[in-house]
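Since the structure comes first, as structure tokens, the remarks are kept for the end.
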Amino acid sequence: MKRMTKSAAVLVCLSLVCTVHAAVIVNWEFNDKAPGQACVLGERLIDSSGNGRDLYAGTGTDLPEYWESNPVYGTGSAINLGTGTDEMVFDAGYEFGDGGPAAGSAIVIGGADSFTLEAMVRLPTTNTSSSNYHSIVQTPVESNKEIFLRIKNNGNIEWVLDDGPARMSMTAAVNLHDAKWHHIAAIRDYAAGMAYLYVDYVEVASKIDPTTADLTLATQDWYIGSFFNSSTREFKGSIDFLRITEGVLEPDMFVQPRILAAEDPNLPDMTIGIEPPSMNLVWTPAAEPNVVISSQTVEVASDAAFENILNTFNLGGADRQVTLNPIAHNRLYYWRVNTVGTQDGAVFNNTGLTWRFQTADADTVNAGYWAFDDQTPGTVINDGDKLVDSSANQRHLLVSQRAETTNASYGLPCYNYGEGASLVNPASVFGVLQPGYDFGGGILAGTGPVIPADNGSLTIEAVVRPETRTDGGHNTVFAYQSSSQDDYWYGTDKTPAYYFRVNNDGKVRFTFTNFKASRTVTGTTDTRGGWHHIAGVRDTAAARLKVYVDGVLELETEDTTLDGKDSIPGGLAAIGNFYNWASGTRTFNGTIDFVRMTRSALTPEQFVQRFELPTNPNPADGATAVPATYTLTWTPIPDAVIISETVVIATDPIMSQVVKTLPAANGNVQVSGLENSTVYYWRVDTEGTDDKGAFSRKGIVWSYRTPICVLKVTDGDLDGNCIIDLGDFTIMAGNWLASEYE
């Protein structure tokens, strides 16, 4: 980003004592926007110390983002940085061009100045590059002067002070690559001639500091999240705050965790399986020295942002329990206790920590059943539509259209598994389970199908017709993923998730992942181009993962993910897609007849069973040049007593434009009166009985095309076979004789 000229009005400080607020030199808390928003190039990030030392965001195309902060230290946001040029810069006198003041005065660390630098940071569990160092703060070298605090590639902390003639460099042998929040304090104690490092309020390193000259100049900038002109020193992680304070602070003077809040909920965060209709919420009110609580407010919501508050309880300072009644099945509830009071006479009003619990499923057998049978083939699917879960758990999916594609629609089902509809071209939509989404009419979407520790067995089965794809992607049938932030902090396939898909070679894949391991089993059959029943089974009793195609076990492997813990993916569940895979290479290209999820390890006999239907059509499916007058034949349903067969002929593939309905028998029917140059679709509907009882079944839809012909009856093609031959003269003669003897 092009530098702006410094304002002439900027005060150039020669030591720390010129700071307006003497104790705190600068305090960047990164609460400028709510979590989930991104910075704009050059935007102002406020210094909350009151000294006006605001940062500007970004020096290139990459920009910081606002993520969730450490809740123990209060509400607000943290700034998240990647390995690109998304740093933030304090440039004294910088003109932001936003109508506000220029950035405040330069930060000059004098030769005799003591100071304390604190930061709250969080790093992923693994470093994405063995050479990458995570710079928290740096002053670019000028006249051989430099300060920096960074996390090395092995997770150790490095703290450097360089005044030109002398240099202090120290390292604390701790590994901060653990996806946890850590408070870091780096101290220069000029009077003692020492430097110190603290992690989480505990001293972890100290060293003699030989520097005596000024450590920074008035012309030096301060880089947050990077080293100037270095691509291997970009901070990757989140910074909740960065504060620099005059003097040597003791740990009890560091930024402290927010402790004036309720704690010890009776349910650990994200407890699952709570049975309706009611729940007692219990906690311990804030209890610190000299604290007087005047009131508490318990809020219960259906969302993490508490935008949809379901219940509010206004309580006294000593209360510690409320009864939430009613609660519904298969819901995720968020709750917190906000506290108002005083400590040492100072008033506080603190928002409580957020806790969650999930209620039990109403249907404890079928976790979800998306059959699409409530729809009519040919119906177009639009934004905001609902893909219905017919189980009692109401895991209805919210449709959002992918802008670059045409709409999905409902099509004909695979009639071997019943009537209704199928989901055609789900690649063009996101069908996502948004817990608590209000579809109207009192219908709320259920929460994601988590896997409890006491019953981790699972079967996902579907009937699908995958298409061959050319983009190298894979056809996702069902996925319940980790969140993108979980992947960021812990790595892909390192946190709870599971998905079921058809790979681009047509082979079925089932993957189950948690903090312990990631395990995959992949079948051997190419399922592209036709209807197939596929199933992925997790059998915790046998510690096996299995995949089936058309009821036949393809492959199984040991399930190494068993860890005795609840498996709770942090993201969202979806059909036909990965919910956060914007590239489109995980969409399902083809047709899905149904998806069913069962909370047990089913055997093939327990899968949704296939019906027998008429087979062996003549003409063959897709045949051409079939005469308009023709005898259609087929093999009737085997091992059944056939009561009736009916042939239905239409001019469209979803059989909505029916042109003939003909009674048939013994696997054949004579068809006449059709047009040439036309594609016809036909099926055989059958009524009868078999070993399962009476049935009425629609048949598979086949097609054929009549001859492409420009001849008409008026041209002499009386038998409609697209040629004028002896047959036409025979008809003509017969018609003449009939007319002569009338």
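Identifiers for the structure tokens are assigned positionally: chains receive A, B, ... in sequence, residues are indexed from 1 per chain, and ligands are indexed from 1 in the order shown.
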
- Item | Selection near segment 164-168 of chain A, 8 Å with only C-alpha atoms, sequence-local residues under 5 positions removed, as an NGL selection string | :A and (143-145 or 159 or 207-213)

Let's have the selection written as a short mmCIF file (atom, residue, chain, number, x, y, z; two decimals), in the first residue's frame, with N, CA and C atoms.
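Saved as out_38.cif:
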```
data_model
loop_
_atom_site.label_atom_id
_atom_site.label_comp_id
_atom_site.auth_asym_id
_atom_site.auth_seq_id
_atom_site.Cartn_x
_atom_site.Cartn_y
_atom_site.Cartn_z
N SER A 143 18.93 2.07 11.28
CA SER A 143 20.15 2.42 12.04
C SER A 143 20.50 1.30 13.01
N ASN A 144 20.32 0.04 12.53
CA ASN A 144 20.64 -1.16 13.31
C ASN A 144 19.80 -1.31 14.57
N LYS A 145 18.70 -0.59 14.65
CA LYS A 145 17.81 -0.70 15.81
C LYS A 145 16.59 -1.55 15.43
N TRP A 159 12.40 -13.31 21.67
CA TRP A 159 12.25 -11.90 22.07
C TRP A 159 13.59 -11.23 21.84
N LYS A 207 17.03 -13.13 30.70
CA LYS A 207 18.38 -12.96 30.16
C LYS A 207 18.87 -11.56 30.46
N ILE A 208 20.18 -11.43 30.61
CA ILE A 208 20.78 -10.11 30.80
C ILE A 208 20.56 -9.29 29.53
N ASP A 209 20.15 -8.05 29.73
CA ASP A 209 19.91 -7.14 28.61
C ASP A 209 21.05 -6.14 28.54
N PRO A 210 21.93 -6.24 27.53
CA PRO A 210 23.08 -5.33 27.45
C PRO A 210 22.76 -4.01 26.77
N THR A 211 21.52 -3.83 26.23
CA THR A 211 21.21 -2.62 25.48
C THR A 211 21.09 -1.43 26.43
N THR A 212 21.60 -0.26 25.96
CA THR A 212 21.52 0.97 26.76
C THR A 212 21.08 2.17 25.93
N ALA A 213 21.20 2.07 24.60
CA ALA A 213 20.81 3.17 23.73
C ALA A 213 19.34 3.03 23.35
#
```

- Query: Which of segment 569-605 of chain A counts as strand (DSSP E) under DSSP, as a PyMOL selection string please?
  - Reply: chain A and resi 573-575+590-598

For the selection you just gave me, I'd like the residues written to a file as a PDB file, in the first residue's frame, keeping N, CA, C and O atoms.
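selection.pdb was written with the following content:
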```pdb
ATOM      1  N   ALA A 573     -24.032 -29.966   8.379  1.00  0.00           N
ATOM      2  CA  ALA A 573     -24.324 -31.154   7.580  1.00  0.00           C
ATOM      3  C   ALA A 573     -24.962 -30.722   6.262  1.00  0.00           C
ATOM      4  O   ALA A 573     -25.667 -29.710   6.193  1.00  0.00           O
ATOM      5  N   ALA A 574     -24.721 -31.514   5.215  1.00  0.00           N
ATOM      6  CA  ALA A 574     -25.257 -31.163   3.898  1.00  0.00           C
ATOM      7  C   ALA A 574     -25.440 -32.417   3.060  1.00  0.00           C
ATOM      8  O   ALA A 574     -24.732 -33.414   3.245  1.00  0.00           O
ATOM      9  N   ILE A 575     -26.367 -32.356   2.124  1.00  0.00           N
ATOM     10  CA  ILE A 575     -26.564 -33.395   1.112  1.00  0.00           C
ATOM     11  C   ILE A 575     -26.131 -32.828  -0.232  1.00  0.00           C
ATOM     12  O   ILE A 575     -26.471 -31.697  -0.586  1.00  0.00           O
ATOM     13  N   GLY A 590     -25.340 -35.626 -10.831  1.00  0.00           N
ATOM     14  CA  GLY A 590     -26.171 -36.788 -11.100  1.00  0.00           C
ATOM     15  C   GLY A 590     -27.496 -36.665 -10.379  1.00  0.00           C
ATOM     16  O   GLY A 590     -28.052 -35.571 -10.236  1.00  0.00           O
ATOM     17  N   THR A 591     -28.009 -37.800  -9.905  1.00  0.00           N
ATOM     18  CA  THR A 591     -29.327 -37.840  -9.275  1.00  0.00           C
ATOM     19  C   THR A 591     -29.265 -38.649  -7.982  1.00  0.00           C
ATOM     20  O   THR A 591     -28.608 -39.697  -7.934  1.00  0.00           O
ATOM     21  N   ILE A 592     -29.938 -38.130  -6.959  1.00  0.00           N
ATOM     22  CA  ILE A 592     -30.032 -38.825  -5.671  1.00  0.00           C
ATOM     23  C   ILE A 592     -31.501 -39.140  -5.413  1.00  0.00           C
ATOM     24  O   ILE A 592     -32.347 -38.237  -5.393  1.00  0.00           O
ATOM     25  N   ASP A 593     -31.810 -40.424  -5.229  1.00  0.00           N
ATOM     26  CA  ASP A 593     -33.204 -40.817  -4.971  1.00  0.00           C
ATOM     27  C   ASP A 593     -33.555 -40.638  -3.503  1.00  0.00           C
ATOM     28  O   ASP A 593     -34.636 -40.157  -3.178  1.00  0.00           O
ATOM     29  N   PHE A 594     -32.687 -41.049  -2.612  1.00  0.00           N
ATOM     30  CA  PHE A 594     -32.907 -40.812  -1.184  1.00  0.00           C
ATOM     31  C   PHE A 594     -31.588 -40.963  -0.450  1.00  0.00           C
ATOM     32  O   PHE A 594     -30.631 -41.564  -0.942  1.00  0.00           O
ATOM     33  N   VAL A 595     -31.550 -40.384   0.746  1.00  0.00           N
ATOM     34  CA  VAL A 595     -30.444 -40.567   1.685  1.00  0.00           C
ATOM     35  C   VAL A 595     -31.057 -40.878   3.042  1.00  0.00           C
ATOM     36  O   VAL A 595     -31.936 -40.146   3.513  1.00  0.00           O
ATOM     37  N   ARG A 596     -30.603 -41.958   3.641  1.00  0.00           N
ATOM     38  CA  ARG A 596     -31.113 -42.347   4.956  1.00  0.00           C
ATOM     39  C   ARG A 596     -29.936 -42.571   5.898  1.00  0.00           C
ATOM     40  O   ARG A 596     -28.945 -43.214   5.536  1.00  0.00           O
ATOM     41  N   MET A 597     -30.050 -42.033   7.102  1.00  0.00           N
ATOM     42  CA  MET A 597     -29.016 -42.203   8.117  1.00  0.00           C
ATOM     43  C   MET A 597     -29.627 -42.905   9.326  1.00  0.00           C
ATOM     44  O   MET A 597     -30.634 -42.454   9.876  1.00  0.00           O
ATOM     45  N   THR A 598     -29.003 -44.000   9.729  1.00  0.00           N
ATOM     46  CA  THR A 598     -29.512 -44.823  10.821  1.00  0.00           C
ATOM     47  C   THR A 598     -28.461 -44.928  11.905  1.00  0.00           C
ATOM     48  O   THR A 598     -27.271 -45.102  11.620  1.00  0.00           O
TER      49      THR A 598
END
```

Give me, as a tab-separated table, the closest atom pair and its distance (Å, one decimal) for every residue of segment 703-729 of chain A within a cut-off of 10 Å of segment 614-621 of chain A, counting only C-alpha atoms, rows sorted by chain and rising number.
```
residue	atom	partner	partner_atom	distance
A:Ser703	CA	A:Asp621	CA	5.2
A:Tyr704	CA	A:Asp621	CA	6.3
A:Arg705	CA	A:Pro619	CA	9.6
```

- Item | Near-Ala286 of chain A list (8 Å; only C-alpha atoms; drop same-chain fewer than 5 positions) as a list in words | Ile259, Leu260, Ala261, Ala262, Glu263, Val291, Ile293 and Thr339 of chain A

- Message: So that I can see what lies close to segment 530-538 of chain A, please list as JSON, numbers by chain the residues with an atom at most 9 Å from it, counting only C-alpha atoms and leaving out residues fewer than 6 positions away in the same chain.
- Response: {"A": [414, 456, 457, 458, 459, 460, 461, 462, 463, 464, 465, 466, 467, 500, 508, 509, 510, 511, 512, 521, 544, 545, 546, 547, 548, 549, 550, 551, 559, 591, 593, 600, 601, 602, 603, 604, 607, 608, 610]}

- Neighbours of Val160 of chain A within 7 Å (only C-alpha atoms; same-chain residues fewer than 6 positions away dropped), as an NGL selection string? :A and (147-149 or 168-170)

Go ahead and save the residues from that selection, with N, CA and C atoms, as an mmCIF file, in the first residue's frame.
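Saved as result-v7.cif:
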```cif
data_model
loop_
_atom_site.group_PDB
_atom_site.id
_atom_site.type_symbol
_atom_site.label_atom_id
_atom_site.label_comp_id
_atom_site.auth_asym_id
_atom_site.auth_seq_id
_atom_site.Cartn_x
_atom_site.Cartn_y
_atom_site.Cartn_z
ATOM 1 N N ILE A 147 13.223 -4.118 17.364
ATOM 2 C CA ILE A 147 12.544 -4.890 18.403
ATOM 3 C C ILE A 147 11.651 -5.898 17.698
ATOM 4 N N PHE A 148 11.648 -7.124 18.154
ATOM 5 C CA PHE A 148 10.625 -8.048 17.666
ATOM 6 C C PHE A 148 10.321 -9.118 18.692
ATOM 7 N N LEU A 149 9.063 -9.592 18.612
ATOM 8 C CA LEU A 149 8.576 -10.718 19.410
ATOM 9 C C LEU A 149 7.887 -11.651 18.436
ATOM 10 N N MET A 168 20.054 -8.073 22.627
ATOM 11 C CA MET A 168 19.556 -9.084 23.540
ATOM 12 C C MET A 168 18.631 -10.002 22.751
ATOM 13 N N SER A 169 18.941 -11.277 22.756
ATOM 14 C CA SER A 169 18.111 -12.257 22.069
ATOM 15 C C SER A 169 17.878 -13.422 23.005
ATOM 16 N N MET A 170 16.628 -13.745 23.241
ATOM 17 C CA MET A 170 16.315 -14.847 24.143
ATOM 18 C C MET A 170 15.176 -15.686 23.581
#
```

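Comparing A:Gln296, A:Gln358, A:Ser226, A:Asn51 by their smallest distance to Pro268 of chain A, the closest is A:Gln358 (using only C-alpha atoms).
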
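Taking atom CA of Asn80 of chain A and atom CA of Ser238 of chain A as the two end points, the separation is 4.2 Å.
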
- Item | Distance of atom CA of Thr476 of chain A from atom CA of Ser583 of chain A, expressed in Å to one decimal place |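 Result for atom CA of Ser583 of chain A versus atom CA of Thr476 of chain A: 13.2 Å, one decimal.
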
- Message: What does the structure give for the distance between atom CA of Gly411 of chain A and atom CA of Val380 of chain A, in Å to one decimal?
- Response: 9.3 Å

- Task: Among the residues of segment 458-639 of chain A, find those DSSP assigns to helix (DSSP H, G or I) from the backbone and print them as a ChimeraX atom specification.
- Result: /A:484-490,604-606

Could the residues in this selection be written to a file with N, CA and C atoms, as a PDB file, in the first residue's frame?
```pdb
ATOM      1  N   SER A 484     -14.592 -24.627   9.079  1.00  0.00           N
ATOM      2  CA  SER A 484     -13.361 -24.168   8.439  1.00  0.00           C
ATOM      3  C   SER A 484     -12.359 -23.687   9.479  1.00  0.00           C
ATOM      4  N   GLN A 485     -12.863 -23.137  10.601  1.00  0.00           N
ATOM      5  CA  GLN A 485     -11.937 -22.700  11.644  1.00  0.00           C
ATOM      6  C   GLN A 485     -11.317 -23.890  12.365  1.00  0.00           C
ATOM      7  N   ASP A 486     -12.091 -24.968  12.566  1.00  0.00           N
ATOM      8  CA  ASP A 486     -11.492 -26.167  13.153  1.00  0.00           C
ATOM      9  C   ASP A 486     -10.390 -26.711  12.255  1.00  0.00           C
ATOM     10  N   ASP A 487     -10.656 -26.740  10.945  1.00  0.00           N
ATOM     11  CA  ASP A 487      -9.621 -27.192  10.008  1.00  0.00           C
ATOM     12  C   ASP A 487      -8.400 -26.291  10.080  1.00  0.00           C
ATOM     13  N   TYR A 488      -8.644 -25.010  10.233  1.00  0.00           N
ATOM     14  CA  TYR A 488      -7.539 -24.044  10.328  1.00  0.00           C
ATOM     15  C   TYR A 488      -6.690 -24.314  11.566  1.00  0.00           C
ATOM     16  N   TRP A 489      -7.358 -24.504  12.701  1.00  0.00           N
ATOM     17  CA  TRP A 489      -6.602 -24.656  13.947  1.00  0.00           C
ATOM     18  C   TRP A 489      -5.964 -26.035  14.093  1.00  0.00           C
ATOM     19  N   TYR A 490      -6.659 -27.063  13.676  1.00  0.00           N
ATOM     20  CA  TYR A 490      -6.194 -28.428  13.957  1.00  0.00           C
ATOM     21  C   TYR A 490      -5.712 -29.185  12.722  1.00  0.00           C
ATOM     22  N   PRO A 604     -27.098 -55.863   5.195  1.00  0.00           N
ATOM     23  CA  PRO A 604     -27.829 -55.686   3.926  1.00  0.00           C
ATOM     24  C   PRO A 604     -29.306 -56.008   4.029  1.00  0.00           C
ATOM     25  N   GLU A 605     -29.674 -56.956   4.861  1.00  0.00           N
ATOM     26  CA  GLU A 605     -31.074 -57.303   5.014  1.00  0.00           C
ATOM     27  C   GLU A 605     -31.874 -56.178   5.666  1.00  0.00           C
ATOM     28  N   GLN A 606     -31.168 -55.265   6.350  1.00  0.00           N
ATOM     29  CA  GLN A 606     -31.842 -54.158   7.030  1.00  0.00           C
ATOM     30  C   GLN A 606     -31.822 -52.869   6.226  1.00  0.00           C
TER      31      GLN A 606
END
```

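For segment 407-409 of chain A, the set of protein, DNA and RNA residues having any atom at most 9 Å away, when counting only C-alpha atoms and skipping those fewer than 4 positions along the same chain, is A:Pro377, A:Gly378, A:Thr379, A:Val380, A:Ile381, A:Asn382, A:Gln401, A:Arg402, A:Ser422, A:Leu423, A:Val424, A:Asn425, A:Pro426, A:Ala427, A:Ser428, A:Val429.
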
- Find the residue from A:Asn577, A:Thr635, A:Ser482, A:Ser518 that sits nearest to Leu397 of chain A; use only C-alpha atoms when measuring. A:Asn577

- Contacts of Pro277 of chain A within 9 Å, only C-alpha atoms, excl. fewer than 6 positions in-chain, as a list in words: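 Here the qualifying residues turn out to be Leu324, Asn325, Pro326, Ile327, Ala328 and His329 of chain A.
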